[in-house]
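*Asks:* Sharing target-v5.txt below, compact mmCIF, C-alpha atoms and all ligand atoms:
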```
# COMPACT_ATOMS: atom_id res chain seq x y z
CA MET A 12 -14.26 -4.73 -23.27
CA ILE A 13 -11.48 -4.19 -20.77
CA PRO A 14 -9.93 -7.31 -19.19
CA PHE A 15 -9.13 -7.08 -15.50
CA THR A 16 -7.76 -9.24 -12.71
CA LYS A 17 -8.78 -8.97 -9.08
CA GLY A 18 -6.22 -9.64 -6.35
CA HIS A 19 -5.34 -8.84 -2.77
CA GLY A 20 -2.55 -8.81 -0.22
CA THR A 21 -3.80 -9.38 3.34
CA GLU A 22 -7.21 -8.33 1.99
CA ASN A 23 -6.01 -4.97 0.74
CA ASP A 24 -7.68 -5.52 -2.63
CA PHE A 25 -6.93 -4.27 -6.10
CA VAL A 26 -8.26 -4.29 -9.62
CA ILE A 27 -5.33 -4.89 -11.97
CA ILE A 28 -5.46 -3.57 -15.53
CA GLU A 29 -2.72 -4.58 -17.97
CA ASP A 30 -1.79 -1.81 -20.37
CA VAL A 31 1.21 -3.16 -22.30
CA ASP A 32 0.99 -0.55 -25.06
CA ALA A 33 0.42 2.34 -22.63
CA SER A 34 -2.72 3.35 -24.47
CA PHE A 35 -5.01 3.63 -21.46
CA ASP A 36 -4.76 6.42 -18.89
CA PRO A 37 -7.92 6.22 -16.78
CA ASP A 38 -9.20 9.41 -15.17
CA ALA A 39 -10.12 9.63 -11.49
CA ALA A 40 -13.87 9.22 -12.08
CA TRP A 41 -13.32 6.00 -14.03
CA VAL A 42 -11.04 4.54 -11.36
CA ALA A 43 -13.54 5.47 -8.63
CA ALA A 44 -16.34 3.79 -10.60
CA VAL A 45 -14.32 0.57 -11.02
CA CYS A 46 -13.42 0.54 -7.30
CA ASP A 47 -17.03 1.14 -6.22
CA ARG A 48 -18.09 -1.95 -4.22
CA ARG A 49 -21.70 -1.84 -5.37
CA ALA A 50 -21.75 -0.41 -8.88
CA GLY A 51 -18.24 -1.47 -9.93
CA ILE A 52 -15.83 -4.36 -9.33
CA GLY A 53 -14.94 -3.07 -5.87
CA ALA A 54 -11.41 -2.52 -4.58
CA ASP A 55 -9.23 -0.39 -2.31
CA GLY A 56 -7.22 0.66 -5.35
CA LEU A 57 -6.26 0.06 -8.95
CA LEU A 58 -2.91 -1.17 -10.28
CA ARG A 59 -2.15 -0.36 -13.92
CA VAL A 60 0.61 -2.52 -15.40
CA VAL A 61 2.41 -0.27 -17.85
CA PRO A 62 5.91 -0.29 -19.40
CA THR A 63 8.22 1.96 -17.37
CA ALA A 64 9.66 3.30 -20.62
CA ALA A 65 6.24 4.80 -21.37
CA MET A 66 5.91 6.61 -18.03
CA PRO A 67 7.05 10.23 -18.45
CA GLY A 68 9.68 11.07 -15.84
CA TYR A 69 10.47 7.43 -14.99
CA GLU A 70 12.06 6.26 -18.27
CA GLN A 71 15.48 6.02 -16.58
CA ASP A 72 14.22 3.13 -14.42
CA ALA A 73 13.11 1.04 -17.41
CA THR A 74 16.30 -0.99 -17.79
CA GLU A 75 16.32 -2.13 -14.19
CA ALA A 76 12.53 -2.37 -13.84
CA PRO A 77 10.67 -2.81 -17.14
CA TRP A 78 7.19 -2.69 -15.54
CA PHE A 79 5.73 0.29 -13.70
CA MET A 80 3.09 0.01 -10.98
CA ASP A 81 0.74 2.91 -11.69
CA TYR A 82 -1.23 2.93 -8.42
CA ARG A 83 -4.54 4.77 -7.86
CA ASN A 84 -6.58 4.98 -4.66
CA ALA A 85 -10.26 4.00 -4.62
CA ASP A 86 -11.32 7.63 -5.01
CA GLY A 87 -9.19 7.87 -8.16
CA SER A 88 -6.37 9.88 -6.59
CA ILE A 89 -2.78 8.98 -7.41
CA ALA A 90 -0.49 7.80 -4.61
CA GLU A 91 3.25 7.44 -4.74
CA MET A 92 3.46 3.95 -3.34
CA CYS A 93 1.44 0.92 -2.23
CA GLY A 94 3.27 -1.80 -0.31
CA ASN A 95 0.65 -4.52 -0.59
CA GLY A 96 0.15 -3.45 -4.19
CA THR A 97 3.81 -4.18 -5.02
CA ARG A 98 3.45 -7.79 -3.91
CA VAL A 99 0.22 -8.33 -5.83
CA PHE A 100 1.69 -6.55 -8.87
CA ALA A 101 4.76 -8.81 -8.77
CA ARG A 102 2.58 -11.90 -8.46
CA TYR A 103 0.61 -10.71 -11.49
CA LEU A 104 3.79 -10.20 -13.56
CA VAL A 105 4.92 -13.76 -12.84
CA ALA A 106 1.49 -15.28 -13.45
CA HIS A 107 1.31 -13.53 -16.83
CA ASP A 108 4.86 -14.32 -17.95
CA LEU A 109 5.90 -10.67 -17.73
CA ALA A 110 8.59 -11.62 -15.18
CA LYS A 111 10.28 -14.83 -14.12
CA PRO A 112 9.84 -16.04 -10.53
CA GLY A 113 12.70 -15.22 -8.18
CA ARG A 114 14.21 -11.78 -7.83
CA PHE A 115 13.27 -8.87 -10.08
CA SER A 116 12.52 -5.17 -9.78
CA ILE A 117 9.46 -3.05 -10.45
CA ALA A 118 9.19 0.71 -10.86
CA THR A 119 6.90 2.92 -8.76
CA ARG A 120 6.45 6.66 -8.23
CA ALA A 121 8.48 6.16 -5.03
CA GLY A 122 11.41 4.57 -6.85
CA VAL A 123 12.43 1.07 -7.94
CA LYS A 124 11.42 -1.73 -5.55
CA HIS A 125 13.14 -5.10 -5.44
CA MET A 126 10.86 -8.10 -5.25
CA HIS A 127 11.18 -11.77 -4.46
CA VAL A 128 8.41 -14.01 -5.76
CA PRO A 129 9.13 -17.64 -4.84
CA GLU A 130 8.60 -20.26 -7.52
CA ASP A 131 6.37 -22.31 -5.21
CA GLY A 132 3.71 -19.58 -4.99
CA GLY A 133 4.58 -18.71 -1.38
CA ASP A 134 4.61 -15.30 0.24
CA VAL A 135 6.16 -12.41 -1.65
CA THR A 136 8.86 -10.11 -0.23
CA VAL A 137 9.38 -6.50 -1.17
CA ASP A 138 12.41 -4.41 -0.31
CA MET A 139 10.65 -1.13 0.46
CA GLY A 140 13.85 0.91 0.64
CA ARG A 141 14.45 3.35 3.49
CA SER A 142 12.07 5.43 5.58
CA VAL A 143 12.14 9.19 6.08
CA TRP A 144 11.05 10.80 9.36
CA PRO A 145 9.55 14.25 8.81
CA ALA A 146 10.29 16.60 11.71
CA GLU A 147 6.77 18.13 12.01
CA SER A 148 4.94 17.34 15.23
CA ALA A 149 1.26 16.56 14.91
CA GLU A 150 -1.59 14.93 16.75
CA VAL A 151 -4.51 12.68 15.87
CA LEU A 152 -7.91 12.82 17.56
CA VAL A 153 -8.74 9.39 19.04
CA GLY A 154 -12.14 9.44 20.74
CA ASP A 155 -11.94 12.69 22.74
CA ARG A 156 -8.14 12.66 23.17
CA TRP A 157 -5.48 14.23 20.98
CA LEU A 158 -2.61 11.73 20.80
CA PRO A 159 0.86 12.39 19.41
CA ALA A 160 1.50 11.15 15.88
CA VAL A 161 4.78 9.60 14.76
CA ASN A 162 5.32 10.79 11.20
CA VAL A 163 6.95 8.27 8.87
CA ASP A 164 7.32 8.62 5.13
CA MET A 165 7.48 5.31 3.25
CA GLY A 166 7.31 7.04 -0.12
CA ASN A 167 3.83 8.10 0.99
CA PRO A 168 2.89 9.89 4.23
CA HIS A 169 1.89 8.11 7.45
CA ALA A 170 0.86 9.26 10.92
CA VAL A 171 1.22 6.44 13.46
CA VAL A 172 -0.69 6.69 16.75
CA PHE A 173 -0.17 4.34 19.69
CA VAL A 174 -3.31 3.16 21.46
CA ASP A 175 -3.97 0.40 24.02
CA ASP A 176 -6.50 -1.31 21.76
CA VAL A 177 -7.13 -0.74 18.04
CA ALA A 178 -10.88 -0.59 18.81
CA GLU A 179 -10.18 2.88 20.20
CA ALA A 180 -10.00 4.09 16.60
CA GLY A 181 -13.78 3.79 16.45
CA ARG A 182 -15.68 3.24 13.22
CA LEU A 183 -13.32 5.16 10.95
CA TRP A 184 -16.11 6.05 8.55
CA GLU A 185 -14.50 9.46 8.21
CA ALA A 186 -10.83 10.41 7.97
CA PRO A 187 -9.38 10.88 11.47
CA GLN A 188 -8.89 14.50 12.50
CA VAL A 189 -5.28 15.65 12.59
CA ARG A 190 -3.72 18.88 13.83
CA PRO A 191 -2.19 20.97 12.53
CA GLU A 192 -3.55 20.05 9.10
CA SER A 193 -0.57 21.89 7.61
CA ALA A 194 1.64 19.00 8.81
CA TYR A 195 0.16 16.93 5.97
CA PRO A 196 -0.17 19.17 2.91
CA HIS A 197 -0.89 16.17 0.69
CA GLY A 198 -3.13 14.29 3.14
CA VAL A 199 -2.04 11.37 5.28
CA ASN A 200 -2.64 7.70 5.99
CA VAL A 201 -3.33 7.19 9.71
CA GLU A 202 -2.34 3.98 11.54
CA PHE A 203 -3.66 3.02 14.98
CA VAL A 204 -1.20 0.66 16.63
CA ALA A 205 -1.56 -1.44 19.79
CA PRO A 206 0.80 -3.96 21.44
CA ALA A 207 0.04 -7.60 20.58
CA GLY A 208 2.96 -9.47 22.21
CA PRO A 209 6.75 -9.39 21.96
CA ARG A 210 7.77 -7.98 18.55
CA ARG A 211 4.17 -8.06 17.46
CA ILE A 212 1.72 -5.22 16.97
CA ALA A 213 -1.90 -4.90 15.89
CA MET A 214 -2.84 -2.17 13.44
CA ARG A 215 -5.89 -0.56 11.91
CA VAL A 216 -5.57 2.01 9.19
CA HIS A 217 -7.51 4.79 7.55
CA GLU A 218 -6.01 5.25 4.12
CA ARG A 219 -5.86 8.53 2.28
CA GLY A 220 -8.13 8.17 -0.74
CA SER A 221 -9.54 4.75 0.23
CA GLY A 222 -10.97 4.95 3.78
CA GLU A 223 -10.50 2.16 6.30
CA THR A 224 -8.92 -0.85 4.62
CA ARG A 225 -8.10 -4.30 5.97
CA SER A 226 -4.39 -3.77 5.46
CA CYS A 227 -1.85 -1.22 4.26
CA GLY A 228 1.69 -2.38 3.52
CA THR A 229 3.39 1.01 3.70
CA GLY A 230 1.33 1.70 6.83
CA ALA A 231 2.43 -1.58 8.41
CA CYS A 232 6.07 -0.66 7.75
CA ALA A 233 5.56 2.81 9.26
CA ALA A 234 3.84 1.24 12.28
CA MET A 235 6.57 -1.37 12.72
CA LEU A 236 9.31 1.26 12.54
CA ALA A 237 7.55 3.50 15.07
CA ALA A 238 7.03 0.50 17.40
CA ALA A 239 10.62 -0.70 17.01
CA ARG A 240 11.95 2.79 17.85
CA ARG A 241 9.65 2.92 20.86
CA ASP A 242 10.75 -0.56 21.99
CA GLY A 243 14.42 0.29 21.47
CA ALA A 244 14.71 -2.75 19.19
CA ALA A 245 17.95 -3.22 17.27
CA PRO A 246 17.97 -3.42 13.45
CA GLU A 247 17.43 -6.96 12.09
CA THR A 248 14.75 -7.57 14.74
CA PRO A 249 11.75 -9.04 12.88
CA TYR A 250 8.26 -7.81 13.76
CA GLU A 251 4.84 -9.19 12.96
CA VAL A 252 2.10 -6.72 12.14
CA ARG A 253 -1.41 -8.10 12.61
CA VAL A 254 -3.97 -6.30 10.45
CA PRO A 255 -7.67 -7.14 10.07
CA GLY A 256 -6.83 -8.93 6.79
CA GLY A 257 -3.91 -11.06 7.99
CA LEU A 258 -0.28 -10.90 9.03
CA LEU A 259 2.74 -9.09 7.59
CA ARG A 260 6.35 -9.82 8.55
CA ILE A 261 8.66 -6.82 8.52
CA VAL A 262 12.32 -6.29 9.29
CA GLU A 263 14.53 -3.22 9.16
CA HIS A 264 18.08 -4.06 8.14
CA GLU A 265 21.31 -2.51 9.47
CA ASP A 266 21.54 -0.36 6.34
CA GLY A 267 18.00 0.99 6.85
CA ARG A 268 16.30 -1.04 4.13
CA ILE A 269 12.93 -2.39 5.16
CA GLU A 270 11.71 -5.75 3.93
CA MET A 271 8.08 -6.78 4.11
CA THR A 272 6.81 -10.31 3.45
CA GLY A 273 3.22 -11.38 3.07
CA PRO A 274 0.64 -13.03 0.87
CA ALA A 275 -0.20 -11.89 -2.64
CA VAL A 276 -3.24 -13.57 -4.14
CA LEU A 277 -4.84 -13.36 -7.59
CA VAL A 278 -8.51 -14.17 -7.21
CA ALA A 279 -10.36 -13.72 -10.49
CA THR A 280 -10.25 -12.41 -14.01
CA GLY A 281 -13.05 -10.84 -15.99
CA GLU A 282 -14.01 -8.18 -18.48
CA LEU A 283 -15.58 -4.79 -17.90
CA LEU A 284 -18.55 -4.43 -20.20
CA PRO A 285 -18.98 -1.23 -22.25
CA GLY A 286 -21.35 1.20 -20.54
CA GLY A 287 -21.51 -0.89 -17.38
CA LEU A 288 -19.78 1.56 -15.04
CA SER A 289 -21.93 4.27 -13.48
CA ALA A 290 -21.10 7.77 -14.60
CA ARG A 291 -20.38 10.00 -11.62
N1 LIG A 301 -2.67 0.26 0.64
C1 LIG A 301 -1.41 0.76 0.29
C2 LIG A 301 -1.24 2.24 0.34
C3 LIG A 301 -2.01 2.91 -0.77
C4 LIG A 301 -1.76 4.39 -0.91
C5 LIG A 301 -2.31 5.20 0.21
N2 LIG A 301 -3.74 5.12 0.33
C6 LIG A 301 -1.89 6.66 -0.01
O1 LIG A 301 -2.69 7.47 -0.51
O2 LIG A 301 -0.74 6.96 0.31
C7 LIG A 301 -0.26 -0.01 0.88
O3 LIG A 301 -0.40 -1.25 0.98
O4 LIG A 301 0.80 0.55 1.15
```
Any chance you could give the structure as structure tokens?

*Replies:*
Amino acid sequence: MIPFTKGHGTENDFVIIEDVDASFDPDAAWVAAVCDRRAGIGADGLLRVVPTAAMPGYEQDATEAPWFMDYRNADGSIAEMCGNGTRVFARYLVAHDLAKPGRFSIATRAGVKHMHVPEDGGDVTVDMGRSVWPAESAEVLVGDRWLPAVNVDMGNPHAVVFVDDVAEAGRLWEAPQVRPESAYPHGVNVEFVAPAGPRRIAMRVHERGSGETRSCGTGACAAMLAAARRDGAAPETPYEVRVPGGLLRIVEHEDGRIEMTGPAVLVATGELLPGGLSAR
């Protein structure tokens, strides 16, 4: 039987599997079966808690960040980074005595991230590092209009589109169409962003590998940065990003580091029974 924990950050939900001896490397089909909302546990993604020293290519980060967040999307694909995932992962480490509350670091495929988990169980902050702005120009189809995309890399790729109302994104049952597709050789997360007041935006997202989710932390940072540039806001200006699953508070510092604060909730623990997951 495989123990698991279920958690979420602004309703971006994850199955967390602890793998302290790095003996478990699930394949994509297994992850997709666990994340299936009818035949599995159901989640937007999976977080494997594994020693950084056991992750080939990341061993150098182990001293600073002993635990590695091995993130998988709901379809089983690997992504470099998950902003909401970092907060939930950090909460898990503290709850399971793998880290002390306060400040500590975790390793990810997008580098080491610095966390703050308050002792009182309050909201968790992650220092996401700096953004990169790819030069490609691209567009996203919204209804029957092609709108310009603002490309922001937060360790993973994002295309931010400004709309008047996030409802314009439609049902998002399928990945939004982008052009040229060559602008996103590894796929893209698409954020639809509308004004929601001074220093406040509303966002919906279609995530690469997971479909529409109720929140995306890296996406919220990309959206905030695109909005702040558009508003001409100075660094250190805090923004609120309203997503269907709650509220994230984000600030870009003078030195370009981006900090995101929001909830990180552990909901349940359980065990996966042998043979219970549907073969695909
Ligand atoms: N929900 C995440 C992002 C997860 C990865 C994304 N789907 C991708 O493929 O890049 C977040 O909170 O950042």

*Asks:* Which residues of chain A sit at most 9 Å from ligand LIG 301 (chain A), using only C-alpha atoms and all ligand atoms? Give each one's shortest atom pair and distance in Å (one decimal place), in chain and ascending residue order, as a tab-separated table.

*Replies:*
```
residue	atom	partner	partner_atom	distance
A:Gly20	CA	A:LIG301	O3	8.0
A:Asn23	CA	A:LIG301	N1	6.2
A:Asp24	CA	A:LIG301	N1	8.3
A:Asp55	CA	A:LIG301	N1	7.2
A:Gly56	CA	A:LIG301	C3	7.3
A:Tyr82	CA	A:LIG301	C4	7.7
A:Arg83	CA	A:LIG301	C4	7.5
A:Asn84	CA	A:LIG301	N2	5.7
A:Ala85	CA	A:LIG301	N2	8.3
A:Ser88	CA	A:LIG301	O1	7.5
A:Ile89	CA	A:LIG301	O1	7.1
A:Ala90	CA	A:LIG301	O1	4.7
A:Glu91	CA	A:LIG301	O2	6.5
A:Met92	CA	A:LIG301	C4	5.8
A:Cys93	CA	A:LIG301	O4	3.5
A:Gly94	CA	A:LIG301	O4	3.7
A:Asn95	CA	A:LIG301	O3	3.8
A:Gly96	CA	A:LIG301	O3	5.6
A:Thr97	CA	A:LIG301	O3	7.9
A:Met165	CA	A:LIG301	O4	8.5
A:Gly166	CA	A:LIG301	O2	8.1
A:Asn167	CA	A:LIG301	O2	4.8
A:Pro168	CA	A:LIG301	O2	6.1
A:His169	CA	A:LIG301	O2	7.7
A:His197	CA	A:LIG301	O1	9.0
A:Gly198	CA	A:LIG301	O1	7.7
A:Val199	CA	A:LIG301	O2	6.8
A:Asn200	CA	A:LIG301	O2	6.0
A:His217	CA	A:LIG301	N2	8.2
A:Glu218	CA	A:LIG301	N2	4.4
A:Arg219	CA	A:LIG301	O1	4.4
A:Gly220	CA	A:LIG301	N2	5.5
A:Ser221	CA	A:LIG301	N2	5.8
A:Gly222	CA	A:LIG301	N2	8.0
A:Thr224	CA	A:LIG301	N1	7.5
A:Arg225	CA	A:LIG301	N1	8.9
A:Ser226	CA	A:LIG301	O3	6.5
A:Cys227	CA	A:LIG301	O3	3.6
A:Gly228	CA	A:LIG301	O3	3.5
A:Thr229	CA	A:LIG301	O4	3.7
A:Gly230	CA	A:LIG301	O4	5.8
A:Ala231	CA	A:LIG301	O4	7.7
A:Cys232	CA	A:LIG301	O4	8.5
```

*Asks:* Nearest to Ala213 (chain A): which of A:Ala245, A:Ile52, A:Leu109, A:Val177 is it, counting all atoms listed in the file?

*Replies:* A:Val177

*Asks:* Could you pull out every residue with an atom within 12 Å of (-1.5, 1.0, 24.1), file coordinates, counting all atoms listed in the file, and send them as a CSV table (one decimal) with C-alpha atoms, keeping the file's coordinate frame?

*Replies:*
```
chain,number,residue,atom,x,y,z
A,158,LEU,CA,-2.6,11.7,20.8
A,172,VAL,CA,-0.7,6.7,16.8
A,173,PHE,CA,-0.2,4.3,19.7
A,174,VAL,CA,-3.3,3.2,21.5
A,175,ASP,CA,-4.0,0.4,24.0
A,176,ASP,CA,-6.5,-1.3,21.8
A,177,VAL,CA,-7.1,-0.7,18.0
A,178,ALA,CA,-10.9,-0.6,18.8
A,179,GLU,CA,-10.2,2.9,20.2
A,180,ALA,CA,-10.0,4.1,16.6
A,203,PHE,CA,-3.7,3.0,15.0
A,204,VAL,CA,-1.2,0.7,16.6
A,205,ALA,CA,-1.6,-1.4,19.8
A,206,PRO,CA,0.8,-4.0,21.4
A,207,ALA,CA,0.0,-7.6,20.6
A,208,GLY,CA,3.0,-9.5,22.2
A,212,ILE,CA,1.7,-5.2,17.0
A,213,ALA,CA,-1.9,-4.9,15.9
A,214,MET,CA,-2.8,-2.2,13.4
A,238,ALA,CA,7.0,0.5,17.4
A,241,ARG,CA,9.6,2.9,20.9
```

*Asks:* Taking into account all atoms listed in the file, which residue in the set A:Phe15, A:Gly281, A:Val26, A:Arg215 is nearest to Pro255 (chain A)?

*Replies:*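 With all atoms listed in the file as the atom set, the closest residue is A:Arg215.
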
*Asks:* What are the closest atom pairs, with distances in Å to one decimal, for all residues of region 87-184 of chain A lying within 6 Å of region 258-275 of chain A? Consider all atoms listed in the file, order rows by chain and residue number, and present the result as CSV.

*Replies:*
```
residue,atom,partner,partner_atom,distance
A:Arg98,CA,A:Ala275,CA,5.6
A:Val99,CA,A:Ala275,CA,4.8
A:Asp134,CA,A:Pro274,CA,4.6
A:Val135,CA,A:Thr272,CA,5.6
A:Thr136,CA,A:Thr272,CA,4.2
A:Val137,CA,A:Met271,CA,5.4
A:Asp138,CA,A:Glu270,CA,4.5
A:Met139,CA,A:Ile269,CA,5.4
A:Gly140,CA,A:Arg268,CA,4.7
A:Arg141,CA,A:Arg268,CA,4.8
```

*Asks:* Here is a test: counting only C-alpha atoms, which residue of A:Asp30, A:Glu247, A:Glu75, A:Asp155 is nearest to Gln188 (chain A)?

*Replies:*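 Closest to Gln188 (chain A) of all the choices is A:Asp155.
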
*Asks:* Skipping near chain neighbours, those fewer than 6 positions away, what residues fall within 10 Å of Trp78 (chain A) using only C-alpha atoms, listed as number ranges by chain?

*Replies:* A: 31, 59-66, 72, 100-101, 104, 109-110, 116-119, 123

*Asks:* Give as a ChimeraX atom specification each residue that has an atom at most 7 Å from (10.3, -14.9, -8.8) in the file, counting only C-alpha atoms.

*Replies:* /A:105,111-115,127-130

*Asks:* So what do you get for CA of Leu152 (chain A) versus CA of Leu57 (chain A), distance-wise?

*Replies:* 29.5 Å

*Asks:* Quick one: pull the distance between CA of Leu277 (chain A) and CA of Tyr69 (chain A), Å, one decimal.

*Replies:*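 Value for the CA of Leu277 (chain A)-CA of Tyr69 (chain A) distance: 26.9 Å.
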
*Asks:* Please compute the CA of Gly243 (chain A)-CA of Lys124 (chain A) distance, one decimal, in Å.

*Replies:*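 Spanning CA of Gly243 (chain A) to CA of Lys124 (chain A) is a straight-line distance of 27.3 Å.
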
*Asks:* Find the residues around Gly51 (chain A) up to 10 Å (all atoms listed in the file counted), leave out those fewer than 6 positions away in its own chain, and share them as an NGL selection string.

*Replies:* :A and (41-45 or 283 or 287-289)

*Asks:* Using all atoms listed in the file, which residue out of A:Asp164, A:Glu202, A:Glu70, A:Asp38 lies closest to Val151 (chain A)?

*Replies:* A:Glu202

*Asks:* Missing atoms in region 159-185 of chain A: fill them in up to N, CA and C atoms and send the result as a PDB file, in the frame of the given file.

*Replies:*
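Writing done, so here's selection02.pdb:
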```pdb
ATOM      1  N   PRO A 159      -0.240  12.024  20.296  1.00  0.00           N
ATOM      2  CA  PRO A 159       0.860  12.390  19.410  1.00  0.00           C
ATOM      3  C   PRO A 159       0.990  11.424  18.231  1.00  0.00           C
ATOM      4  N   ALA A 160       1.290  11.976  17.078  1.00  0.00           N
ATOM      5  CA  ALA A 160       1.500  11.150  15.880  1.00  0.00           C
ATOM      6  C   ALA A 160       2.998  11.002  15.640  1.00  0.00           C
ATOM      7  N   VAL A 161       3.405   9.808  15.227  1.00  0.00           N
ATOM      8  CA  VAL A 161       4.780   9.600  14.760  1.00  0.00           C
ATOM      9  C   VAL A 161       4.705   9.649  13.234  1.00  0.00           C
ATOM     10  N   ASN A 162       5.384  10.620  12.651  1.00  0.00           N
ATOM     11  CA  ASN A 162       5.320  10.790  11.200  1.00  0.00           C
ATOM     12  C   ASN A 162       6.409   9.972  10.513  1.00  0.00           C
ATOM     13  N   VAL A 163       5.998   9.117   9.609  1.00  0.00           N
ATOM     14  CA  VAL A 163       6.950   8.270   8.870  1.00  0.00           C
ATOM     15  C   VAL A 163       6.575   8.333   7.399  1.00  0.00           C
ATOM     16  N   ASP A 164       7.561   8.609   6.571  1.00  0.00           N
ATOM     17  CA  ASP A 164       7.320   8.620   5.130  1.00  0.00           C
ATOM     18  C   ASP A 164       7.913   7.336   4.531  1.00  0.00           C
ATOM     19  N   MET A 165       7.050   6.566   3.909  1.00  0.00           N
ATOM     20  CA  MET A 165       7.480   5.310   3.250  1.00  0.00           C
ATOM     21  C   MET A 165       7.392   5.478   1.730  1.00  0.00           C
ATOM     22  N   GLY A 166       7.606   6.703   1.277  1.00  0.00           N
ATOM     23  CA  GLY A 166       7.310   7.040  -0.120  1.00  0.00           C
ATOM     24  C   GLY A 166       5.977   7.737  -0.165  1.00  0.00           C
ATOM     25  N   ASN A 167       5.097   7.405   0.760  1.00  0.00           N
ATOM     26  CA  ASN A 167       3.830   8.100   0.990  1.00  0.00           C
ATOM     27  C   ASN A 167       3.732   8.426   2.483  1.00  0.00           C
ATOM     28  N   PRO A 168       2.871   9.383   2.847  1.00  0.00           N
ATOM     29  CA  PRO A 168       2.890   9.890   4.230  1.00  0.00           C
ATOM     30  C   PRO A 168       2.046   9.062   5.205  1.00  0.00           C
ATOM     31  N   HIS A 169       2.603   8.868   6.403  1.00  0.00           N
ATOM     32  CA  HIS A 169       1.890   8.110   7.450  1.00  0.00           C
ATOM     33  C   HIS A 169       2.000   8.826   8.788  1.00  0.00           C
ATOM     34  N   ALA A 170       0.895   8.777   9.536  1.00  0.00           N
ATOM     35  CA  ALA A 170       0.860   9.260  10.920  1.00  0.00           C
ATOM     36  C   ALA A 170       0.499   8.051  11.777  1.00  0.00           C
ATOM     37  N   VAL A 171       1.434   7.631  12.623  1.00  0.00           N
ATOM     38  CA  VAL A 171       1.220   6.440  13.460  1.00  0.00           C
ATOM     39  C   VAL A 171       0.848   6.911  14.872  1.00  0.00           C
ATOM     40  N   VAL A 172      -0.234   6.341  15.400  1.00  0.00           N
ATOM     41  CA  VAL A 172      -0.690   6.690  16.750  1.00  0.00           C
ATOM     42  C   VAL A 172      -0.715   5.421  17.591  1.00  0.00           C
ATOM     43  N   PHE A 173      -0.138   5.499  18.785  1.00  0.00           N
ATOM     44  CA  PHE A 173      -0.170   4.340  19.690  1.00  0.00           C
ATOM     45  C   PHE A 173      -1.409   4.404  20.571  1.00  0.00           C
ATOM     46  N   VAL A 174      -2.117   3.283  20.624  1.00  0.00           N
ATOM     47  CA  VAL A 174      -3.310   3.160  21.460  1.00  0.00           C
ATOM     48  C   VAL A 174      -3.168   1.856  22.255  1.00  0.00           C
ATOM     49  N   ASP A 175      -4.033   1.662  23.261  1.00  0.00           N
ATOM     50  CA  ASP A 175      -3.970   0.400  24.020  1.00  0.00           C
ATOM     51  C   ASP A 175      -4.665  -0.719  23.259  1.00  0.00           C
ATOM     52  N   ASP A 176      -5.696  -0.330  22.488  1.00  0.00           N
ATOM     53  CA  ASP A 176      -6.500  -1.310  21.760  1.00  0.00           C
ATOM     54  C   ASP A 176      -6.950  -0.661  20.455  1.00  0.00           C
ATOM     55  N   VAL A 177      -6.800  -1.370  19.334  1.00  0.00           N
ATOM     56  CA  VAL A 177      -7.130  -0.740  18.040  1.00  0.00           C
ATOM     57  C   VAL A 177      -8.615  -0.376  17.930  1.00  0.00           C
ATOM     58  N   ALA A 178      -9.455  -0.957  18.801  1.00  0.00           N
ATOM     59  CA  ALA A 178     -10.880  -0.590  18.810  1.00  0.00           C
ATOM     60  C   ALA A 178     -11.081   0.884  19.159  1.00  0.00           C
ATOM     61  N   GLU A 179     -10.077   1.472  19.836  1.00  0.00           N
ATOM     62  CA  GLU A 179     -10.180   2.880  20.200  1.00  0.00           C
ATOM     63  C   GLU A 179     -10.299   3.795  18.976  1.00  0.00           C
ATOM     64  N   ALA A 180      -9.906   3.278  17.822  1.00  0.00           N
ATOM     65  CA  ALA A 180     -10.000   4.090  16.600  1.00  0.00           C
ATOM     66  C   ALA A 180     -11.449   4.343  16.200  1.00  0.00           C
ATOM     67  N   GLY A 181     -12.370   3.574  16.770  1.00  0.00           N
ATOM     68  CA  GLY A 181     -13.780   3.790  16.450  1.00  0.00           C
ATOM     69  C   GLY A 181     -14.146   3.241  15.080  1.00  0.00           C
ATOM     70  N   ARG A 182     -15.169   3.823  14.475  1.00  0.00           N
ATOM     71  CA  ARG A 182     -15.680   3.240  13.220  1.00  0.00           C
ATOM     72  C   ARG A 182     -14.879   3.627  11.993  1.00  0.00           C
ATOM     73  N   LEU A 183     -14.166   4.704  12.076  1.00  0.00           N
ATOM     74  CA  LEU A 183     -13.320   5.160  10.950  1.00  0.00           C
ATOM     75  C   LEU A 183     -14.103   5.343   9.654  1.00  0.00           C
ATOM     76  N   TRP A 184     -15.349   5.765   9.770  1.00  0.00           N
ATOM     77  CA  TRP A 184     -16.110   6.050   8.550  1.00  0.00           C
ATOM     78  C   TRP A 184     -15.622   7.331   7.883  1.00  0.00           C
ATOM     79  N   GLU A 185     -15.045   8.199   8.716  1.00  0.00           N
ATOM     80  CA  GLU A 185     -14.500   9.460   8.210  1.00  0.00           C
ATOM     81  C   GLU A 185     -12.986   9.429   8.440  1.00  0.00           C
TER      82      GLU A 185
END
```
